[in-house]
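Peer 1: Just passing along the structure, written as structure tokens.
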Amino acid sequence: MSAVPEEFDPAHVATMAASEGHMYRNELASRDPMPSVLEANPDIYFVPPKRSSEWGQWEYRTGAYYDTTVAAKHPYWHGEDLPVATKDIQRLRSDMVTWGYCKIEDALSAEQVAVIRQRVLEQAEGERLAGIAQKTPSGQNINCCVNKGQCFEALLEQHPSMVQGGALIEQLVTEALGENWISNSLIASIALKGGVPQALHQDQDIALDSRSPLTINVMSVITDLDENTGGTLIIPGSHRTLSDSVRDQKPAGKLPPAINLDAKAGTIVITDGRLIHSTGINHTDTPRIVMLNGMQHPVIRQQENWMLSVKPQVLGRASPKLLQRMGYQATNAAQTNEGHGFGASGGVGEAAGLTVDFRFAADEGDYLRVGELGPDSSPEELNAPYTLREVVTKARAGGQSAPVGIGGTKRNL
Ligand SMILES: [Fe+2]
């Protein structure tokens, strides 16, 4: 047997791996604008929200990015021609390009809002009763809503029966992303009193220098948003500021202050994936509900559908590295399974976001998905052996301290 050339020896490769020699070193480093943003804007970024065990001990910092209000009351933004709720497609296009978001007025009728609101509140209570609620630092999320009520199926496809402005929404999304866009997820994001604001962030975390968005969020507003109810924190225009800074390889500099988004229930807000935003603070006793429906360019996914196509025997002997490479390791922002994997980093060997047990359960014919639940659900429904529950329990037993599945998320608005 011939000797393996020295250049292929992992130890030798490691000696050659010093970053000074990396190709594209400068380009990759400059694609993350956050270091320069943090340097120039020390006040705007908040320490990531604390865990639920620390709720109530959190200290409000005056002057921080979340210490703000709606645009009309904000001294910096008052008088600026920021997006307005409208049905006028020309204005919506202009708002989207200029400010990174637009507001479609009455995209959901009052009746459509009422249907979704009731289903969300019932499901949230049902998941709490079943012990499978996903608590977030801001409140509670309901993941994989498409399994949890027909109203969500129609919402996901912007069917006029649930989204009266569906055709207009789809036109705008198609103009932003191109044809054949797909959905990332459909999540109910509930902000509750006592919740902490989320750290500001961009949803699109690749190709930050892109000239048009690769991801967007279609946010259905189910309860009124303002500075008291947990209106989403956004920095208008930041989608362009950061992209330009990355493309031109210049520091982003001082960013404008964040505002609370204001929108009446029934509005759909479309946000550019590059817009800096986060969940706001709900100071009221009424749950704040928005439906988050991320959309993305269709090319941002795997070519082969490994989730379905890989033989059970291959999965059974797969190393953590092979599973991760095929996408069976969910991350905070990608390919979670019924929400499992939120909070996970996606590292090789990390059990927190491993999703292969869902596939094994499906192969065995006993994958039990969480479906419609509510306050009137029977004990049998609430205590059913949901695969999600079992996977999360196993991940936690594996010594994972990171939130898994039923835990925290940065995918809020
Ligand atoms: Fe987000």
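In the structure tokens, the first chain shown is A, the next is B, and so on; residue numbers restart at 1 for each chain, and ligands run from 1 in the order shown.
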Produce as a PyMOL selection string the set of residues near ligand 1, where near means within 10 Å with only C-alpha atoms and all ligand atoms considered.
Peer 2: chain A and resi 198-204+216-217+232+271+273-279+292+294+333+409-413
Peer 1: List the spatial neighbours of region 114-120 of chain A as a PyMOL selection string - criterion: any atom at most 10 Å away, only C-alpha atoms, same-chain residues fewer than 4 positions off excluded.
Peer 2: chain A and resi 108-110+124-126+141-142+145+148-152+155+162+188-190+220-223+265-266+288-291+372-374
Peer 1: Could you tell me how far CA of Leu177 (chain A) sits from CA of Met326 (chain A), in Å to one decimal place?
Peer 2: 25.7 Å
Peer 1: Kindly assemble as a Markdown table a list of the region 143-226 of chain A residues that lie within 12 Å of region 82-103 of chain A, each paired with its nearest atom pair and their distance in Å to one decimal, using only C-alpha atoms, sorted first by chain and then by ascending residue number.
Peer 2:
```
| residue | atom | partner | partner_atom | distance |
| --- | --- | --- | --- | --- |
| A:Gln164 | CA | A:Lys87 | CA | 11.5 |
| A:Gly165 | CA | A:Lys87 | CA | 8.6 |
| A:Gly166 | CA | A:Lys87 | CA | 11.6 |
| A:Ala167 | CA | A:Ile89 | CA | 11.2 |
| A:Leu168 | CA | A:Ile89 | CA | 7.6 |
| A:Ile169 | CA | A:Ile89 | CA | 9.6 |
| A:Glu170 | CA | A:Ile89 | CA | 11.6 |
| A:Gln171 | CA | A:Ile89 | CA | 9.2 |
| A:Leu172 | CA | A:Arg93 | CA | 7.3 |
| A:Val173 | CA | A:Arg93 | CA | 10.2 |
| A:Thr174 | CA | A:Arg93 | CA | 11.6 |
| A:Glu175 | CA | A:Arg93 | CA | 8.9 |
| A:Ala176 | CA | A:Met96 | CA | 8.9 |
| A:Gln202 | CA | A:Gly100 | CA | 11.5 |
| A:Arg211 | CA | A:Val97 | CA | 10.4 |
| A:Ser212 | CA | A:Val97 | CA | 8.8 |
| A:Pro213 | CA | A:Gly100 | CA | 9.3 |
| A:Thr215 | CA | A:Gly100 | CA | 11.7 |
| A:Ile216 | CA | A:Tyr101 | CA | 9.3 |
| A:Asn217 | CA | A:Tyr101 | CA | 9.3 |
| A:Val218 | CA | A:Tyr101 | CA | 9.9 |
| A:Met219 | CA | A:Lys103 | CA | 9.4 |
| A:Ser220 | CA | A:Lys103 | CA | 9.9 |
| A:Val221 | CA | A:Lys103 | CA | 10.0 |
```
Peer 1: Dump N, CA and C atoms for the selected residues as an mmCIF file, in the first residue's frame?
Peer 2:
```cif
data_model
loop_
_atom_site.group_PDB
_atom_site.id
_atom_site.type_symbol
_atom_site.label_atom_id
_atom_site.label_comp_id
_atom_site.auth_asym_id
_atom_site.auth_seq_id
_atom_site.Cartn_x
_atom_site.Cartn_y
_atom_site.Cartn_z
ATOM 1 N N GLN A 164 -57.578 38.273 2.187
ATOM 2 C CA GLN A 164 -58.325 38.910 1.093
ATOM 3 C C GLN A 164 -57.399 39.676 0.142
ATOM 4 N N GLY A 165 -56.246 40.093 0.647
ATOM 5 C CA GLY A 165 -55.290 40.789 -0.213
ATOM 6 C C GLY A 165 -54.232 39.870 -0.789
ATOM 7 N N GLY A 166 -54.522 38.579 -0.829
ATOM 8 C CA GLY A 166 -53.523 37.583 -1.212
ATOM 9 C C GLY A 166 -52.850 37.846 -2.554
ATOM 10 N N ALA A 167 -53.636 38.212 -3.539
ATOM 11 C CA ALA A 167 -53.058 38.415 -4.877
ATOM 12 C C ALA A 167 -52.034 39.549 -4.866
ATOM 13 N N LEU A 168 -52.336 40.595 -4.145
ATOM 14 C CA LEU A 168 -51.406 41.729 -4.076
ATOM 15 C C LEU A 168 -50.138 41.337 -3.311
ATOM 16 N N ILE A 169 -50.319 40.585 -2.238
ATOM 17 C CA ILE A 169 -49.152 40.119 -1.468
ATOM 18 C C ILE A 169 -48.244 39.297 -2.379
ATOM 19 N N GLU A 170 -48.842 38.356 -3.094
ATOM 20 C CA GLU A 170 -48.038 37.461 -3.940
ATOM 21 C C GLU A 170 -47.314 38.230 -5.039
ATOM 22 N N GLN A 171 -47.956 39.236 -5.578
ATOM 23 C CA GLN A 171 -47.304 40.029 -6.609
ATOM 24 C C GLN A 171 -46.057 40.724 -6.044
ATOM 25 N N LEU A 172 -46.206 41.288 -4.855
ATOM 26 C CA LEU A 172 -45.070 41.997 -4.252
ATOM 27 C C LEU A 172 -43.931 41.036 -3.905
ATOM 28 N N VAL A 173 -44.287 39.873 -3.393
ATOM 29 C CA VAL A 173 -43.241 38.897 -3.042
ATOM 30 C C VAL A 173 -42.520 38.424 -4.301
ATOM 31 N N THR A 174 -43.274 38.196 -5.354
ATOM 32 C CA THR A 174 -42.659 37.756 -6.607
ATOM 33 C C THR A 174 -41.718 38.826 -7.155
ATOM 34 N N GLU A 175 -42.104 40.077 -7.042
ATOM 35 C CA GLU A 175 -41.221 41.152 -7.507
ATOM 36 C C GLU A 175 -39.948 41.224 -6.668
ATOM 37 N N ALA A 176 -40.074 40.886 -5.375
ATOM 38 C CA ALA A 176 -38.904 40.974 -4.491
ATOM 39 C C ALA A 176 -37.960 39.785 -4.653
ATOM 40 N N GLN A 202 -30.648 40.709 11.448
ATOM 41 C CA GLN A 202 -31.167 40.564 10.090
ATOM 42 C C GLN A 202 -31.558 39.106 9.893
ATOM 43 N N ARG A 211 -28.086 42.940 -3.842
ATOM 44 C CA ARG A 211 -28.751 44.175 -4.266
ATOM 45 C C ARG A 211 -30.265 44.083 -4.145
ATOM 46 N N SER A 212 -30.771 42.888 -3.993
ATOM 47 C CA SER A 212 -32.193 42.691 -3.724
ATOM 48 C C SER A 212 -32.286 41.586 -2.674
ATOM 49 N N PRO A 213 -33.399 41.521 -1.961
ATOM 50 C CA PRO A 213 -33.472 40.539 -0.863
ATOM 51 C C PRO A 213 -33.515 39.103 -1.372
ATOM 52 N N THR A 215 -34.367 36.807 1.102
ATOM 53 C CA THR A 215 -35.463 36.370 1.966
ATOM 54 C C THR A 215 -36.309 37.582 2.318
ATOM 55 N N ILE A 216 -37.563 37.322 2.578
ATOM 56 C CA ILE A 216 -38.437 38.374 3.090
ATOM 57 C C ILE A 216 -39.365 37.738 4.123
ATOM 58 N N ASN A 217 -40.033 38.558 4.887
ATOM 59 C CA ASN A 217 -41.006 38.029 5.824
ATOM 60 C C ASN A 217 -42.369 38.645 5.536
ATOM 61 N N VAL A 218 -43.352 37.796 5.428
ATOM 62 C CA VAL A 218 -44.736 38.264 5.281
ATOM 63 C C VAL A 218 -45.374 38.125 6.660
ATOM 64 N N MET A 219 -45.574 39.243 7.292
ATOM 65 C CA MET A 219 -46.038 39.243 8.674
ATOM 66 C C MET A 219 -47.499 39.679 8.739
ATOM 67 N N SER A 220 -48.359 38.764 9.136
ATOM 68 C CA SER A 220 -49.776 39.099 9.295
ATOM 69 C C SER A 220 -49.996 39.599 10.714
ATOM 70 N N VAL A 221 -50.475 40.805 10.804
ATOM 71 C CA VAL A 221 -50.696 41.428 12.110
ATOM 72 C C VAL A 221 -52.085 41.020 12.613
#
```
Peer 1: Can you tell me which residues surround Gly346 (chain A) at a distance of at most 8 Å, considering only C-alpha atoms, apart from same-chain residues fewer than 4 positions away, and format the answer as a list in words?
Peer 2: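 Near neighbours after the sequence-gap exclusion: Gln324, Gln329, Ala330, Thr331, Asn332, Glu350 and Gly353 of chain A.
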Peer 1: Since we have the selection now, will you write its residues out, keeping C-alpha atoms, as a PDB file, in the first residue's frame?
Peer 2:
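Below is the file that was written, selection09.pdb:
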```pdb
ATOM      1  CA  GLN A 324     -24.956  17.170   9.625  1.00  0.00           C
ATOM      2  CA  GLN A 329     -28.774  18.973  12.048  1.00  0.00           C
ATOM      3  CA  ALA A 330     -31.282  21.769  12.431  1.00  0.00           C
ATOM      4  CA  THR A 331     -30.108  25.207  13.425  1.00  0.00           C
ATOM      5  CA  ASN A 332     -31.755  28.207  14.922  1.00  0.00           C
ATOM      6  CA  GLU A 350     -24.450  18.535  18.469  1.00  0.00           C
ATOM      7  CA  GLY A 353     -30.900  20.063  16.772  1.00  0.00           C
TER       8      GLY A 353
END
```
Peer 1: Mind giving me the straight-line distance from CA of Gln303 (chain A) to CA of Tyr328 (chain A) in Å, one decimal?
Peer 2: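 These two atoms are separated by 14.4 Å.
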Peer 1: Could you pull the residues within 9 Å of Asp67 (chain A), counting only C-alpha atoms, minus those fewer than 5 positions along the same chain, as a ChimeraX atom specification?
Peer 2: /A:60-62,258-259
Peer 1: Among the residues of region 108-339 of chain A, find those DSSP assigns to alpha helix (DSSP H) from the backbone and print them as an NGL selection string.
Peer 2: :A and (110-129 or 150-156 or 166-177 or 238-248 or 306-309 or 312-317 or 320-325)
Peer 1: CA of Ala154 (chain A) and CA of Val370 (chain A), how far apart in Å?
Peer 2: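 The value is 18.7 Å.
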Peer 1: For Pro35 (chain A), please output as a ChimeraX atom specification all residues within 10 Å (counting only C-alpha atoms; exclusion window: fewer than 6 positions along the same chain).
Peer 2: /A:29,41,251-252
Peer 1: Any chance you can output those residues with N, CA, C and O atoms as an mmCIF file, in the first residue's frame?
Peer 2:
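File produced: result16.cif:
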```cif
data_model
loop_
_atom_site.group_PDB
_atom_site.id
_atom_site.type_symbol
_atom_site.label_atom_id
_atom_site.label_comp_id
_atom_site.auth_asym_id
_atom_site.auth_seq_id
_atom_site.Cartn_x
_atom_site.Cartn_y
_atom_site.Cartn_z
ATOM 1 N N ALA A 29 -14.378 38.264 5.597
ATOM 2 C CA ALA A 29 -14.404 39.068 6.819
ATOM 3 C C ALA A 29 -15.275 40.297 6.636
ATOM 4 O O ALA A 29 -16.025 40.688 7.536
ATOM 5 N N ASN A 41 -22.282 51.650 17.012
ATOM 6 C CA ASN A 41 -23.613 51.758 17.611
ATOM 7 C C ASN A 41 -23.683 50.970 18.920
ATOM 8 O O ASN A 41 -24.442 50.023 19.045
ATOM 9 N N PRO A 251 -17.290 50.836 6.763
ATOM 10 C CA PRO A 251 -18.079 50.657 7.992
ATOM 11 C C PRO A 251 -19.478 51.228 7.822
ATOM 12 O O PRO A 251 -19.678 52.222 7.108
ATOM 13 N N ALA A 252 -20.446 50.591 8.462
ATOM 14 C CA ALA A 252 -21.827 51.056 8.345
ATOM 15 C C ALA A 252 -22.023 52.403 9.032
ATOM 16 O O ALA A 252 -22.923 53.157 8.682
#
```
Peer 1: For Glu39 (chain A), work out the shell of residues within 12 Å, counting only C-alpha atoms and skipping chain neighbours fewer than 2 positions away, then give it as a PDB file with N, CA, C and O atoms, in the first residue's frame.
Peer 2:
```
ATOM      1  N   PRO A  33     -21.107  42.713   8.533  1.00  0.00           N
ATOM      2  CA  PRO A  33     -21.016  44.132   8.919  1.00  0.00           C
ATOM      3  C   PRO A  33     -21.151  44.342  10.420  1.00  0.00           C
ATOM      4  O   PRO A  33     -20.955  45.445  10.913  1.00  0.00           O
ATOM      5  N   MET A  34     -21.483  43.272  11.151  1.00  0.00           N
ATOM      6  CA  MET A  34     -21.821  43.470  12.551  1.00  0.00           C
ATOM      7  C   MET A  34     -20.690  44.027  13.412  1.00  0.00           C
ATOM      8  O   MET A  34     -20.939  44.864  14.266  1.00  0.00           O
ATOM      9  N   PRO A  35     -19.437  43.591  13.227  1.00  0.00           N
ATOM     10  CA  PRO A  35     -18.396  44.198  14.068  1.00  0.00           C
ATOM     11  C   PRO A  35     -18.354  45.717  13.946  1.00  0.00           C
ATOM     12  O   PRO A  35     -18.292  46.424  14.961  1.00  0.00           O
ATOM     13  N   SER A  36     -18.425  46.223  12.707  1.00  0.00           N
ATOM     14  CA  SER A  36     -18.367  47.679  12.562  1.00  0.00           C
ATOM     15  C   SER A  36     -19.653  48.323  13.046  1.00  0.00           C
ATOM     16  O   SER A  36     -19.657  49.435  13.571  1.00  0.00           O
ATOM     17  N   VAL A  37     -20.777  47.619  12.875  1.00  0.00           N
ATOM     18  CA  VAL A  37     -22.054  48.159  13.365  1.00  0.00           C
ATOM     19  C   VAL A  37     -22.021  48.271  14.887  1.00  0.00           C
ATOM     20  O   VAL A  37     -22.409  49.280  15.465  1.00  0.00           O
ATOM     21  N   ASN A  41     -22.282  51.650  17.012  1.00  0.00           N
ATOM     22  CA  ASN A  41     -23.613  51.758  17.611  1.00  0.00           C
ATOM     23  C   ASN A  41     -23.683  50.970  18.920  1.00  0.00           C
ATOM     24  O   ASN A  41     -24.442  50.023  19.045  1.00  0.00           O
ATOM     25  N   PRO A  42     -22.879  51.334  19.891  1.00  0.00           N
ATOM     26  CA  PRO A  42     -22.810  50.514  21.102  1.00  0.00           C
ATOM     27  C   PRO A  42     -24.130  50.418  21.852  1.00  0.00           C
ATOM     28  O   PRO A  42     -24.337  49.488  22.608  1.00  0.00           O
ATOM     29  N   ASP A  43     -25.020  51.369  21.625  1.00  0.00           N
ATOM     30  CA  ASP A  43     -26.264  51.366  22.389  1.00  0.00           C
ATOM     31  C   ASP A  43     -27.370  50.553  21.750  1.00  0.00           C
ATOM     32  O   ASP A  43     -28.341  50.210  22.396  1.00  0.00           O
ATOM     33  N   ILE A  44     -27.225  50.296  20.436  1.00  0.00           N
ATOM     34  CA  ILE A  44     -28.405  49.742  19.782  1.00  0.00           C
ATOM     35  C   ILE A  44     -28.531  48.249  19.963  1.00  0.00           C
ATOM     36  O   ILE A  44     -29.614  47.701  19.863  1.00  0.00           O
ATOM     37  N   TYR A  45     -27.421  47.578  20.215  1.00  0.00           N
ATOM     38  CA  TYR A  45     -27.515  46.132  20.348  1.00  0.00           C
ATOM     39  C   TYR A  45     -27.653  45.733  21.799  1.00  0.00           C
ATOM     40  O   TYR A  45     -26.916  46.197  22.654  1.00  0.00           O
ATOM     41  N   PRO A 251     -17.290  50.836   6.763  1.00  0.00           N
ATOM     42  CA  PRO A 251     -18.079  50.657   7.992  1.00  0.00           C
ATOM     43  C   PRO A 251     -19.478  51.228   7.822  1.00  0.00           C
ATOM     44  O   PRO A 251     -19.678  52.222   7.108  1.00  0.00           O
ATOM     45  N   ALA A 252     -20.446  50.591   8.462  1.00  0.00           N
ATOM     46  CA  ALA A 252     -21.827  51.056   8.345  1.00  0.00           C
ATOM     47  C   ALA A 252     -22.023  52.403   9.032  1.00  0.00           C
ATOM     48  O   ALA A 252     -22.923  53.157   8.682  1.00  0.00           O
ATOM     49  N   GLY A 253     -21.189  52.688  10.023  1.00  0.00           N
ATOM     50  CA  GLY A 253     -21.324  53.956  10.735  1.00  0.00           C
ATOM     51  C   GLY A 253     -22.499  53.953  11.686  1.00  0.00           C
ATOM     52  O   GLY A 253     -23.102  52.922  11.961  1.00  0.00           O
ATOM     53  N   LYS A 254     -22.829  55.119  12.157  1.00  0.00           N
ATOM     54  CA  LYS A 254     -23.911  55.257  13.132  1.00  0.00           C
ATOM     55  C   LYS A 254     -25.247  55.035  12.439  1.00  0.00           C
ATOM     56  O   LYS A 254     -25.552  55.685  11.431  1.00  0.00           O
ATOM     57  N   LEU A 255     -26.031  54.130  12.967  1.00  0.00           N
ATOM     58  CA  LEU A 255     -27.341  53.848  12.384  1.00  0.00           C
ATOM     59  C   LEU A 255     -28.402  54.726  13.037  1.00  0.00           C
ATOM     60  O   LEU A 255     -28.254  55.147  14.181  1.00  0.00           O
TER      61      LEU A 255
END
```
Peer 1: With a distance cut-off of 7 Å and only C-alpha atoms, select the neighbouring residues of region 381-385 of chain A, excluding the residue or stretch itself and same-chain residues fewer than 4 positions from it, and output the selection as a ChimeraX atom specification.
Peer 2: /A:129-130,377,389
Peer 1: Just to be explicit: take each residue in the selection above, keep all heavy atoms, and write the result as a compact mmCIF listing (two decimals), in the first residue's frame.
Peer 2:
```txt
# COMPACT_ATOMS: atom_id res chain seq x y z
N LEU A 129 -50.89 23.38 27.95
CA LEU A 129 -51.48 22.30 28.74
C LEU A 129 -50.80 20.96 28.46
O LEU A 129 -50.68 20.12 29.34
CB LEU A 129 -52.98 22.20 28.44
CG LEU A 129 -53.84 23.36 28.93
CD1 LEU A 129 -55.26 23.25 28.37
CD2 LEU A 129 -53.88 23.40 30.46
N ALA A 130 -50.38 20.78 27.21
CA ALA A 130 -49.74 19.53 26.82
C ALA A 130 -48.26 19.49 27.23
O ALA A 130 -47.59 18.47 27.05
CB ALA A 130 -49.87 19.33 25.32
N SER A 377 -59.11 20.18 24.60
CA SER A 377 -58.52 18.91 24.19
C SER A 377 -58.63 17.89 25.32
O SER A 377 -58.55 18.24 26.50
CB SER A 377 -57.03 19.10 23.84
OG SER A 377 -56.89 19.91 22.70
N ARG A 389 -42.02 15.61 21.50
CA ARG A 389 -41.76 15.52 22.94
C ARG A 389 -40.61 14.55 23.20
O ARG A 389 -39.71 14.82 23.99
CB ARG A 389 -43.03 15.06 23.64
CG ARG A 389 -43.08 15.34 25.13
CD ARG A 389 -44.10 14.45 25.83
NE ARG A 389 -45.47 14.54 25.35
CZ ARG A 389 -46.39 15.40 25.79
NH1 ARG A 389 -46.04 16.31 26.67
NH2 ARG A 389 -47.62 15.37 25.34
```
Peer 1: Would you return as a VMD selection string the members of region 129-353 of chain A that DSSP assigns to strand (DSSP E) on this structure's backbone?
Peer 2: chain A and resid 134 to 136 139 to 142 182 to 191 215 to 221 233 to 234 259 to 260 268 to 272 277 to 278 288 to 296
Peer 1: So which one's closest to Asn228 (chain A), A:Asn143, A:Thr68, A:Ser245, A:Ser161? Using only C-alpha atoms, please.
Peer 2: A:Thr68
Peer 1: Which residue out of A:Ser138, A:Val163, A:Leu368, A:Asp209 has the minimum interatomic distance to Gly231 (chain A) when only C-alpha atoms are used?
Peer 2: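 Among the listed residues, the smallest separation from Gly231 (chain A) belongs to A:Ser138.
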Peer 1: Kindly indicate which residue among A:Ile268, A:Met307, A:Leu242, A:Ile235 lies nearest to Val113 (chain A), using only C-alpha atoms for the distances.
Peer 2: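 Checking each of A:Ile268, A:Met307, A:Leu242, A:Ile235 against Val113 (chain A), counting only C-alpha atoms, the winner is A:Ile268.
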